[in-house]
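Have a look at target00.cif below; it lists mmCIF, C-alpha atoms and all ligand atoms.
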```
data_query
loop_
_atom_site.group_PDB
_atom_site.id
_atom_site.type_symbol
_atom_site.label_atom_id
_atom_site.label_comp_id
_atom_site.auth_asym_id
_atom_site.auth_seq_id
_atom_site.Cartn_x
_atom_site.Cartn_y
_atom_site.Cartn_z
ATOM 1 C CA MET A 1 -4.177 5.370 -10.587
ATOM 2 C CA ASP A 2 -0.568 4.113 -10.613
ATOM 3 C CA TYR A 3 1.212 7.078 -12.117
ATOM 4 C CA SER A 4 3.493 9.974 -11.343
ATOM 5 C CA LEU A 5 3.445 13.340 -13.035
ATOM 6 C CA THR A 6 5.428 16.536 -12.773
ATOM 7 C CA PHE A 7 3.925 20.012 -12.798
ATOM 8 C CA GLN A 8 4.938 23.607 -12.490
ATOM 9 C CA ILE A 9 3.125 26.420 -10.720
ATOM 10 C CA GLU A 10 3.487 29.053 -13.408
ATOM 11 C CA GLY A 11 3.318 32.284 -11.431
ATOM 12 C CA LEU A 12 5.783 30.993 -8.844
ATOM 13 C CA ALA A 13 9.168 29.350 -9.321
ATOM 14 C CA ILE A 14 7.839 26.063 -8.000
ATOM 15 C CA ARG A 15 7.965 22.575 -9.460
ATOM 16 C CA GLY A 16 5.943 19.696 -8.169
ATOM 17 C CA ARG A 17 5.311 15.978 -8.428
ATOM 18 C CA LEU A 18 2.112 14.083 -7.886
ATOM 19 C CA VAL A 19 1.935 10.316 -7.332
ATOM 20 C CA ARG A 20 -1.216 8.237 -7.111
ATOM 21 C CA LEU A 21 -1.151 4.488 -6.457
ATOM 22 C CA GLY A 22 -3.895 1.866 -6.434
ATOM 23 C CA PRO A 23 -3.701 -1.645 -7.959
ATOM 24 C CA ALA A 24 0.127 -1.601 -8.151
ATOM 25 C CA LEU A 25 0.305 -0.826 -4.425
ATOM 26 C CA GLU A 26 -2.177 -3.578 -3.632
ATOM 27 C CA SER A 27 -0.069 -6.007 -5.654
ATOM 28 C CA ILE A 28 3.079 -5.058 -3.673
ATOM 29 C CA LEU A 29 1.366 -5.439 -0.273
ATOM 30 C CA LEU A 30 -1.017 -8.389 -0.690
ATOM 31 C CA PRO A 31 1.463 -11.317 -0.870
ATOM 32 C CA HIS A 32 2.817 -10.315 2.577
ATOM 33 C CA ASP A 33 -0.517 -10.292 4.388
ATOM 34 C CA TYR A 34 0.685 -7.491 6.693
ATOM 35 C CA PRO A 35 -1.272 -6.494 9.797
ATOM 36 C CA GLY A 36 -3.218 -3.241 9.175
ATOM 37 C CA PRO A 37 -0.761 -0.734 10.729
ATOM 38 C CA VAL A 38 2.213 -2.338 8.919
ATOM 39 C CA ALA A 39 0.358 -2.318 5.585
ATOM 40 C CA GLU A 40 -0.474 1.356 6.009
ATOM 41 C CA ILE A 41 3.038 2.565 6.807
ATOM 42 C CA MET A 42 4.433 0.354 4.001
ATOM 43 C CA ALA A 43 1.916 1.958 1.603
ATOM 44 C CA GLU A 44 3.253 5.376 2.598
ATOM 45 C CA THR A 45 6.864 4.219 2.264
ATOM 46 C CA VAL A 46 6.305 2.863 -1.264
ATOM 47 C CA THR A 47 4.538 6.121 -2.192
ATOM 48 C CA LEU A 48 7.331 8.252 -0.761
ATOM 49 C CA ALA A 49 9.917 6.213 -2.704
ATOM 50 C CA ALA A 50 7.881 6.616 -5.903
ATOM 51 C CA THR A 51 7.637 10.380 -5.328
ATOM 52 C CA LEU A 52 11.309 10.980 -4.567
ATOM 53 C CA GLY A 53 12.431 8.423 -7.167
ATOM 54 C CA SER A 54 10.451 9.986 -10.014
ATOM 55 C CA ALA A 55 13.206 12.619 -10.228
ATOM 56 C CA LEU A 56 15.702 10.070 -11.613
ATOM 57 C CA LYS A 57 17.034 11.507 -14.838
ATOM 58 C CA TYR A 58 18.955 8.488 -16.099
ATOM 59 C CA ASP A 59 18.394 4.751 -16.032
ATOM 60 C CA GLY A 60 18.702 3.684 -12.445
ATOM 61 C CA VAL A 61 17.119 2.641 -9.169
ATOM 62 C CA PHE A 62 16.038 4.868 -6.296
ATOM 63 C CA GLY A 63 15.884 3.163 -2.905
ATOM 64 C CA LEU A 64 14.361 4.170 0.404
ATOM 65 C CA GLN A 65 14.960 2.275 3.618
ATOM 66 C CA THR A 66 13.942 2.773 7.240
ATOM 67 C CA GLN A 67 15.481 0.997 10.216
ATOM 68 C CA GLY A 68 14.323 1.445 13.767
ATOM 69 C CA ASP A 69 13.905 -0.175 17.188
ATOM 70 C CA GLY A 70 10.087 -0.251 16.964
ATOM 71 C CA PRO A 71 7.823 -3.194 16.006
ATOM 72 C CA VAL A 72 8.555 -2.528 12.298
ATOM 73 C CA SER A 73 12.335 -2.917 12.311
ATOM 74 C CA LEU A 74 12.950 -2.527 8.588
ATOM 75 C CA MET A 75 11.160 -1.211 5.506
ATOM 76 C CA VAL A 76 12.643 -1.244 2.024
ATOM 77 C CA ALA A 77 11.088 0.230 -1.121
ATOM 78 C CA ASP A 78 12.635 0.947 -4.478
ATOM 79 C CA VAL A 79 11.588 2.256 -7.861
ATOM 80 C CA THR A 80 13.385 2.143 -11.215
ATOM 81 C CA SER A 81 13.474 4.943 -13.774
ATOM 82 C CA THR A 82 11.083 2.845 -15.885
ATOM 83 C CA GLY A 83 8.499 2.894 -13.062
ATOM 84 C CA ALA A 84 8.921 -0.623 -11.595
ATOM 85 C CA MET A 85 8.255 -0.555 -7.857
ATOM 86 C CA ARG A 86 8.683 -3.121 -5.083
ATOM 87 C CA GLY A 87 9.068 -3.198 -1.324
ATOM 88 C CA TYR A 88 8.858 -5.225 1.892
ATOM 89 C CA ALA A 89 8.765 -4.774 5.652
ATOM 90 C CA ARG A 90 10.161 -6.808 8.546
ATOM 91 C CA TYR A 91 8.147 -6.624 11.711
ATOM 92 C CA ASP A 92 7.591 -8.310 15.071
ATOM 93 C CA ASP A 93 4.112 -9.821 15.041
ATOM 94 C CA VAL A 94 3.900 -10.038 18.832
ATOM 95 C CA ARG A 95 4.818 -6.383 19.355
ATOM 96 C CA ILE A 96 2.348 -5.305 16.645
ATOM 97 C CA LYS A 97 -0.446 -7.231 18.419
ATOM 98 C CA LEU A 98 0.464 -5.536 21.697
ATOM 99 C CA LEU A 99 -0.092 -2.058 20.243
ATOM 100 C CA ASP A 100 -3.257 -0.531 21.567
ATOM 101 C CA ASN A 101 -5.888 0.572 19.137
ATOM 102 C CA ASN A 102 -5.457 4.268 19.629
ATOM 103 C CA THR A 103 -3.993 5.856 16.561
ATOM 104 C CA GLY A 104 -0.992 7.689 17.966
ATOM 105 C CA ALA A 105 1.799 9.128 15.834
ATOM 106 C CA PRO A 106 2.751 6.270 13.481
ATOM 107 C CA VAL A 107 6.526 6.769 13.278
ATOM 108 C CA PRO A 108 7.353 6.631 17.024
ATOM 109 C CA ARG A 109 4.727 3.931 17.545
ATOM 110 C CA LEU A 110 5.678 1.614 14.670
ATOM 111 C CA LEU A 111 9.244 2.450 13.651
ATOM 112 C CA GLY A 112 10.667 3.792 16.911
ATOM 113 C CA ALA A 113 14.058 5.487 16.979
ATOM 114 C CA GLY A 114 16.249 4.934 13.967
ATOM 115 C CA HIS A 115 17.016 6.327 10.566
ATOM 116 C CA MET A 116 15.842 6.662 7.004
ATOM 117 C CA ALA A 117 18.276 6.212 4.114
ATOM 118 C CA PHE A 118 18.070 7.117 0.442
ATOM 119 C CA SER A 119 20.148 5.635 -2.345
ATOM 120 C CA VAL A 120 20.525 6.078 -6.070
ATOM 121 C CA GLU A 121 22.164 3.528 -8.331
ATOM 122 C CA GLN A 122 22.777 4.677 -11.855
ATOM 123 C CA GLY A 123 24.611 2.118 -13.945
ATOM 124 C CA THR A 124 28.249 1.292 -13.421
ATOM 125 C CA HIS A 125 29.849 4.661 -14.148
ATOM 126 C CA THR A 126 27.838 6.743 -11.716
ATOM 127 C CA GLU A 127 28.309 6.624 -7.998
ATOM 128 C CA ARG A 128 25.806 5.539 -5.438
ATOM 129 C CA TYR A 129 24.538 8.528 -3.544
ATOM 130 C CA GLN A 130 23.240 7.966 -0.077
ATOM 131 C CA GLY A 131 21.518 10.413 2.215
ATOM 132 C CA ILE A 132 20.733 9.457 5.796
ATOM 133 C CA SER A 133 18.365 11.152 8.184
ATOM 134 C CA GLU A 134 17.048 10.382 11.650
ATOM 135 C CA LEU A 135 13.461 9.181 11.997
ATOM 136 C CA ASP A 136 12.483 12.509 13.467
ATOM 137 C CA GLY A 137 8.763 13.267 13.295
ATOM 138 C CA ALA A 138 5.287 11.929 13.928
ATOM 139 C CA THR A 139 4.677 10.779 10.343
ATOM 140 C CA LEU A 140 6.771 9.668 7.388
ATOM 141 C CA ALA A 141 6.053 13.004 5.702
ATOM 142 C CA ASP A 142 7.488 14.763 8.796
ATOM 143 C CA CYS A 143 10.596 12.578 8.546
ATOM 144 C CA ALA A 144 10.945 13.515 4.863
ATOM 145 C CA HIS A 145 10.655 17.207 5.792
ATOM 146 C CA HIS A 146 13.339 16.741 8.416
ATOM 147 C CA TYR A 147 15.559 15.219 5.739
ATOM 148 C CA PHE A 148 14.875 18.038 3.248
ATOM 149 C CA ARG A 149 15.722 20.670 5.858
ATOM 150 C CA ASN A 150 18.977 19.013 6.842
ATOM 151 C CA SER A 151 20.286 18.149 3.411
ATOM 152 C CA GLU A 152 21.302 20.298 0.521
ATOM 153 C CA GLN A 153 18.060 19.606 -1.286
ATOM 154 C CA LEU A 154 15.879 22.345 -2.704
ATOM 155 C CA GLU A 155 13.370 23.720 -0.231
ATOM 156 C CA SER A 156 10.572 21.143 -0.390
ATOM 157 C CA ALA A 157 7.209 20.249 1.105
ATOM 158 C CA ILE A 158 5.318 16.975 0.795
ATOM 159 C CA TRP A 159 1.798 15.780 1.515
ATOM 160 C CA LEU A 160 1.530 12.010 1.833
ATOM 161 C CA GLY A 161 -1.490 9.849 2.565
ATOM 162 C CA ALA A 162 -2.827 6.298 2.318
ATOM 163 C CA ASP A 163 -6.220 4.669 2.677
ATOM 164 C CA MET A 164 -6.103 0.955 3.339
ATOM 165 C CA GLY A 165 -9.644 0.178 2.220
ATOM 166 C CA LYS A 166 -12.657 -1.097 4.115
ATOM 167 C CA ASN A 167 -11.067 -3.897 6.114
ATOM 168 C CA LYS A 168 -7.777 -2.046 6.689
ATOM 169 C CA SER A 169 -5.776 -4.734 4.915
ATOM 170 C CA ALA A 170 -4.290 -4.057 1.506
ATOM 171 C CA LYS A 171 -7.379 -4.909 -0.559
ATOM 172 C CA GLY A 172 -8.458 -1.777 -2.375
ATOM 173 C CA ALA A 173 -5.552 0.243 -0.923
ATOM 174 C CA LEU A 174 -4.957 3.719 -2.314
ATOM 175 C CA ALA A 175 -2.113 6.100 -1.613
ATOM 176 C CA GLY A 176 -0.850 9.354 -2.980
ATOM 177 C CA ALA A 177 1.584 12.205 -2.533
ATOM 178 C CA ILE A 178 2.138 15.725 -3.754
ATOM 179 C CA MET A 179 5.558 17.245 -3.350
ATOM 180 C CA ILE A 180 6.503 20.815 -4.235
ATOM 181 C CA GLN A 181 10.011 22.242 -4.574
ATOM 182 C CA ARG A 182 11.191 25.794 -4.724
ATOM 183 C CA MET A 183 13.370 26.410 -7.769
ATOM 184 C CA PRO A 184 16.405 28.641 -7.317
ATOM 185 C CA GLN A 185 17.029 31.972 -9.086
ATOM 186 C CA SER A 186 13.785 33.012 -10.629
ATOM 187 C CA GLY A 187 15.052 36.589 -10.971
ATOM 188 C CA LYS A 188 12.067 37.954 -9.074
ATOM 189 C CA ASP A 189 11.961 40.007 -5.917
ATOM 190 C CA THR A 190 12.824 37.611 -3.099
ATOM 191 C CA GLU A 191 10.080 38.830 -0.769
ATOM 192 C CA ASP A 192 7.497 37.977 -3.425
ATOM 193 C CA GLU A 193 9.125 34.601 -3.871
ATOM 194 C CA GLU A 194 9.031 33.953 -0.143
ATOM 195 C CA ASP A 195 5.330 34.888 -0.019
ATOM 196 C CA GLY A 196 4.586 32.730 -3.036
ATOM 197 C CA TRP A 197 6.360 29.737 -1.524
ATOM 198 C CA ARG A 198 4.538 30.142 1.797
ATOM 199 C CA ARG A 199 1.219 30.387 -0.024
ATOM 200 C CA ALA A 200 1.933 27.254 -2.077
ATOM 201 C CA VAL A 201 2.846 25.314 1.091
ATOM 202 C CA ALA A 202 -0.314 26.558 2.871
ATOM 203 C CA ILE A 203 -2.457 25.474 -0.096
ATOM 204 C CA LEU A 204 -0.771 22.059 -0.098
ATOM 205 C CA SER A 205 -1.461 21.568 3.604
ATOM 206 C CA SER A 206 -5.142 22.379 3.012
ATOM 207 C CA LEU A 207 -5.396 19.332 0.740
ATOM 208 C CA ARG A 208 -7.736 16.658 2.064
ATOM 209 C CA ARG A 209 -6.893 12.961 1.920
ATOM 210 C CA ASP A 210 -10.128 12.122 0.102
ATOM 211 C CA GLU A 211 -9.280 14.694 -2.600
ATOM 212 C CA LEU A 212 -5.808 13.283 -3.129
ATOM 213 C CA LEU A 213 -7.093 9.694 -3.256
ATOM 214 C CA SER A 214 -10.380 10.255 -5.086
ATOM 215 C CA ASN A 215 -10.909 8.192 -8.217
ATOM 216 C CA ASP A 216 -13.426 10.776 -9.399
ATOM 217 C CA LEU A 217 -11.025 13.696 -9.375
ATOM 218 C CA SER A 218 -8.402 13.613 -12.141
ATOM 219 C CA ALA A 219 -4.853 14.738 -11.388
ATOM 220 C CA GLU A 220 -5.390 17.707 -13.694
ATOM 221 C CA ASP A 221 -8.576 18.768 -11.895
ATOM 222 C CA LEU A 222 -6.965 18.288 -8.499
ATOM 223 C CA LEU A 223 -3.938 20.443 -9.358
ATOM 224 C CA TYR A 224 -6.180 23.046 -10.958
ATOM 225 C CA ARG A 225 -8.303 23.153 -7.821
ATOM 226 C CA LEU A 226 -5.183 23.778 -5.715
ATOM 227 C CA TYR A 227 -3.144 26.130 -7.864
ATOM 228 C CA ASN A 228 -5.415 27.709 -10.506
ATOM 229 C CA GLU A 229 -4.817 31.172 -9.076
ATOM 230 C CA ASP A 230 -1.161 31.118 -10.104
ATOM 231 C CA GLY A 231 -1.632 28.833 -13.096
ATOM 232 C CA VAL A 232 -0.437 25.259 -13.221
ATOM 233 C CA ARG A 233 1.253 23.522 -16.128
ATOM 234 C CA ILE A 234 1.264 19.734 -16.197
ATOM 235 C CA PHE A 235 4.032 17.723 -17.836
ATOM 236 C CA GLU A 236 4.121 14.123 -18.911
ATOM 237 C CA LYS A 237 2.491 11.375 -16.880
ATOM 238 C CA HIS A 238 4.532 8.219 -16.176
ATOM 239 C CA LYS A 239 3.075 4.821 -15.453
ATOM 240 C CA LEU A 240 4.103 3.107 -12.205
ATOM 241 C CA PHE A 241 3.755 -0.653 -11.751
ATOM 242 C CA HIS A 242 4.746 -3.526 -9.479
ATOM 243 C CA GLN A 243 7.637 -5.610 -10.716
ATOM 244 C CA CYS A 244 10.336 -7.393 -8.763
ATOM 245 C CA ARG A 245 13.873 -7.644 -10.095
ATOM 246 C CA CYS A 246 14.709 -11.000 -8.546
ATOM 247 C CA SER A 247 15.784 -13.847 -10.836
ATOM 248 C CA GLU A 248 17.082 -17.394 -10.583
ATOM 249 C CA GLU A 249 20.488 -16.147 -11.688
ATOM 250 C CA LYS A 250 20.678 -13.610 -8.832
ATOM 251 C CA VAL A 251 19.487 -16.190 -6.305
ATOM 252 C CA ILE A 252 22.157 -18.649 -7.496
ATOM 253 C CA ASN A 253 24.844 -15.980 -7.103
ATOM 254 C CA THR A 254 23.636 -15.295 -3.564
ATOM 255 C CA ILE A 255 23.465 -18.917 -2.412
ATOM 256 C CA LYS A 256 26.938 -19.604 -3.808
ATOM 257 C CA SER A 257 28.313 -17.172 -1.226
ATOM 258 C CA PHE A 258 27.048 -19.387 1.633
ATOM 259 C CA PRO A 259 28.409 -22.761 2.737
ATOM 260 C CA LEU A 260 26.195 -25.436 1.151
ATOM 261 C CA GLU A 261 25.232 -27.012 4.511
ATOM 262 C CA GLU A 262 23.845 -23.677 5.748
ATOM 263 C CA ILE A 263 21.207 -23.381 3.054
ATOM 264 C CA THR A 264 20.029 -26.963 2.577
ATOM 265 C CA ASP A 265 17.032 -28.700 4.135
ATOM 266 C CA ASP A 266 17.281 -32.228 5.597
ATOM 267 C CA ASP A 267 16.755 -33.854 2.187
ATOM 268 C CA GLY A 268 19.587 -31.835 0.638
ATOM 269 C CA SER A 269 17.334 -29.469 -1.341
ATOM 270 C CA ALA A 270 17.110 -25.706 -0.805
ATOM 271 C CA HIS A 271 14.302 -23.144 -0.944
ATOM 272 C CA VAL A 272 14.978 -19.443 -1.198
ATOM 273 C CA THR A 273 12.115 -16.947 -0.872
ATOM 274 C CA CYS A 274 12.459 -13.451 -2.334
ATOM 275 C CA GLU A 275 11.760 -10.985 0.484
ATOM 276 C CA PHE A 276 10.245 -8.467 -1.929
ATOM 277 C CA CYS A 277 7.771 -10.574 -3.928
ATOM 278 C CA LYS A 278 7.654 -13.863 -1.964
ATOM 279 C CA GLN A 279 8.529 -15.941 -5.016
ATOM 280 C CA VAL A 280 10.105 -19.243 -3.951
ATOM 281 C CA TYR A 281 13.134 -20.545 -5.827
ATOM 282 C CA ALA A 282 13.552 -24.274 -5.247
ATOM 283 C CA PHE A 283 16.726 -26.251 -5.931
ATOM 284 C CA SER A 284 17.022 -30.031 -5.755
ATOM 285 C CA ALA A 285 20.081 -31.692 -4.239
ATOM 286 C CA ASN A 286 21.320 -32.502 -7.756
ATOM 287 C CA GLU A 287 20.849 -28.938 -8.972
ATOM 288 C CA LEU A 288 22.754 -27.637 -5.952
ATOM 289 C CA LYS A 289 25.564 -30.062 -6.629
ATOM 290 C CA SER A 290 26.039 -28.734 -10.135
ATOM 291 C CA ILE A 291 25.719 -25.091 -8.933
ATOM 292 C CA PHE A 292 28.429 -25.572 -6.305
ATOM 293 C CA ASP A 293 30.640 -27.600 -8.629
ATOM 294 C CA THR A 294 30.924 -24.807 -11.206
HETATM 295 ZN ZN ZN A 301 11.271 -10.988 -6.054
#
```
Would you encode the structure as structure tokens?
Amino acid sequence: MDYSLTFQIEGLAIRGRLVRLGPALESILLPHDYPGPVAEIMAETVTLAATLGSALKYDGVFGLQTQGDGPVSLMVADVTSTGAMRGYARYDDVRIKLLDNNTGAPVPRLLGAGHMAFSVEQGTHTERYQGISELDGATLADCAHHYFRNSEQLESAIWLGADMGKNKSAKGALAGAIMIQRMPQSGKDTEDEEDGWRRAVAILSSLRRDELLSNDLSAEDLLYRLYNEDGVRIFEKHKLFHQCRCSEEKVINTIKSFPLEEITDDDGSAHVTCEFCKQVYAFSANELKSIFDT
């Protein structure tokens, strides 16, 4: 668990990525103590970010964000080219409690109407690319498909799933995704290509959640089970892990942009909590004085 790998379906001009998350996902979710439905859609969001972000070719950060008018108003997840992941959600506890127990389509129910945005930051000399798509679909995977169809991406299909463990919290959470992309210009007859692509998508949609998330089935065995007929070649596996990028230095830079009286408690000290990892940065009145004096 906690890796991404790329593969190629040999007989067809199709590349793919597989992501499986376990302990790293649990570590991202647990400090927030999310209600079950929020934890589950966050697990999928982190997994989707890890899947789309594993295509980063240079040092950088891939970010995924959703904003909507539903009970979960904001979700943010990002992943660096070294495999460090983090994420958080903002939600309305009262509205989450009011949801009935029936498991309707998660996106309209939890996120509501809104949009999904993608960003890539690659150092100082490369620009920040941002794609935006409406939250159009029943599931996050549907929303990703909507984005693929409406952007100039390669033709793509994704299967995304999460299992939040026995008590539906984040303890023992597992999530995974397989994404396939049709490569351009294979030189083959296009009708064959079209058939091959349709077959690969049909095989992907036959995947069961327990297969994708099974600890007993290796990634190699899983991909072989799906695509052995055409032949599947597996490339390097990359480790994914939970690591926040917050630091005291960044927090100091942020608080300096606010008027001192807006951030201090009654005793003149200040406490800043990182939204991603919940780490608290505490500053005494004296420390703040020297920060604001420089
Ligand atoms: Zn942090």
Neighbours of Ser156 of chain A within 10 Å (only C-alpha atoms; same-chain residues fewer than 2 positions away dropped), as a list in words?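 Listing them by chain and then by number gives Ile14, Arg15, Gly16, Ala144, His145, Tyr147, Phe148, Arg149, Gln153, Leu154, Ile158, Met179, Ile180, Gln181, Arg182, Met183, Trp197 and Val201 of chain A.
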I'd like the residues picked by the PyMOL selection byres (((not hetatm)) within 10 of (chain A and resi 301)) written out as a PyMOL selection string, using the chain letters and numbers from the file. chain A and resi 86-87+243-248+251+273-281
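In terms of minimum interatomic distance to Phe292 of chain A, A:Glu261 ranks closest within A:Asp266, A:Asp163, A:Glu261, A:Asp2, counting only C-alpha atoms.
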Neighbour list for Lys171 of chain A as JSON, numbers by chain, cut-off 10 Å, all atoms listed in the file, skip fewer than 2 positions in-chain: {"A": [22, 23, 25, 26, 27, 29, 30, 164, 165, 166, 167, 168, 169, 173, 174]}
Nearest residue to Val38 of chain A out of A:Gly11, A:Pro106, A:Gly161, A:Pro259, using all atoms listed in the file?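 Among the listed residues, A:Pro106 lies closest to Val38 of chain A.
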Pick from A:Asp69, A:Gly53, A:Val19, A:Ile96, whichever lies nearest to Thr6 of chain A using all atoms listed in the file: A:Val19
Taking only C-alpha atoms into account, which of A:Gln130, A:Ser81, A:Asn286, A:Ser4 comes nearest Ile234 of chain A? A:Ser4
To test your reading of the syntax: which residues would the PyMOL selection byres (((chain A and resi 79) around 6) and not hetatm) return for the file shown? Reply as a list of chain:residue names. A:Val61, A:Phe62, A:Asp78, A:Thr80, A:Ala84, A:Met85
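If only C-alpha atoms are the atoms counted, then among A:Glu220, A:Glu155, A:Ala138, A:Gln67 the closest residue to Pro184 of chain A is A:Glu155.
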Enumerate, as number ranges by chain, the protein, DNA and RNA residues whose atoms approach (-1.9, 21.2, -14.0) to within 9 Å, taking into account all atoms listed in the file and the coordinate frame of the file. A: 6-9, 219-224, 227-228, 231-235
Using all atoms listed in the file, tabulate the residues of segment 100-160 of chain A lying at most 9 Å from any atom of segment 40-44 of chain A, each with its closest atom pair and that distance in Å to one decimal, by chain and increasing residue number, as CSV.
```
residue,atom,partner,partner_atom,distance
A:Pro106,CA,A:Ile41,CA,7.6
A:Val107,CA,A:Ile41,CA,8.5
A:Leu110,CA,A:Ile41,CA,8.3
A:Leu140,CA,A:Glu44,CA,7.3
A:Ala141,CA,A:Glu44,CA,8.7
A:Leu160,CA,A:Glu44,CA,6.9
```
Minimum-distance residue to Phe118 of chain A, chosen among A:Ser133, A:Thr190, A:Ser214, A:Thr82 (using all atoms listed in the file): A:Ser133
